[in-house]
Every structure is written in structure tokens, then in C-alpha cells.
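Following: one structure in C-alpha cells, then a few remarks.
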Amino acid sequence: MDLSTYLTWDYAIRFLQWENLFTFVTLANILGLIGGIFYVASVSMKTIIPLRIAAIASTFFFLGYGIFAPALPTIFLYGMLLPLNTYRLY
């Protein structure tokens with residue numbers, strides 16, 4: 001695989017044009033981004049109740065990402081984590 005075609009200024013400028021930039025903005029990618037933000041927030045918390053709430057939100061958004069992507073391992077993982085985190089919060 002030759003990477004020299006991707007490492008040029010012409011390719012970078014074409015990639016950053018508006019019509020090309022919005023092709024990556026999908027519902028799945030937005031849900032994954034929000035899930036990642038909640039995940040980072042949950043890792044940085046010190047007390048357990050806000051951590052569980054952020055983890056549930058993160059799991060919910062990552063599950064949505066897995067459904068719209070579609071990625072079966074992601075659906076399975078976060079489908080198992082959502083009831084577990086909900087039970088542990090209770």
C-alpha cells in the first residue's frame with residue numbers, strides 16, 4: 001500500500017472541503033463522540049454515584065453507536081454493561 005498519495009497537500013485540502021467533511025458526520029459517529037465524552041467524564045470522577053450515572057450515559061450512547069454503525073461486538077458489550085451499571089447504581 002502506497003501512502004504517498006495520502007500524504008500530499010492536495011489530498012489534505014480536498015479532504016477538508018465542506019462537502020467531504022460532512023460525509024463523516026453521521027448519527028453513529030455523533031453518538032460515539034458523545035459516548036466517548038461521557039466515558040472520559042466517568043473515568044475522571046472521584047465518587048461512585050456520579051461515576052455510575054456517567055457510565056450509564058456513556059454505555060447508552062455507545063450502544064446507540066453500535067446499533068447505527070452496525071457493530072455486533074459493540075452492541076453485545078454495551079448491551080451487557082447497561083443493565084449491569086443500572087443494577088450497580090441501584
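In the C-alpha cells, each chain is lettered A, B, ... as it comes, each chain's residues begin at 1, and ligands are numbered from 1 in order of appearance.
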I want to know what sits within 7 Å of range 53-65 of chain A, based on only C-alpha atoms, with residues of the same chain fewer than 2 positions away left out; could you give that as a PyMOL selection string?
chain A and resi 28-29+31-32+34-36+38-39+41-42+49-51+67-69+74-75+78-79+81-82+85-86
Check chain A with DSSP on the backbone and list each residue it calls alpha helix (DSSP H), as a PyMOL selection string.
chain A and resi 9-15+18-21+27-43+48-68+72-89
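As for CA of Tyr90 in chain A and CA of Arg52 in chain A, they are spaced 9.7 Å apart.
CA of Arg88 in chain A is positioned 22.7 Å from CA of Gly66 in chain A.
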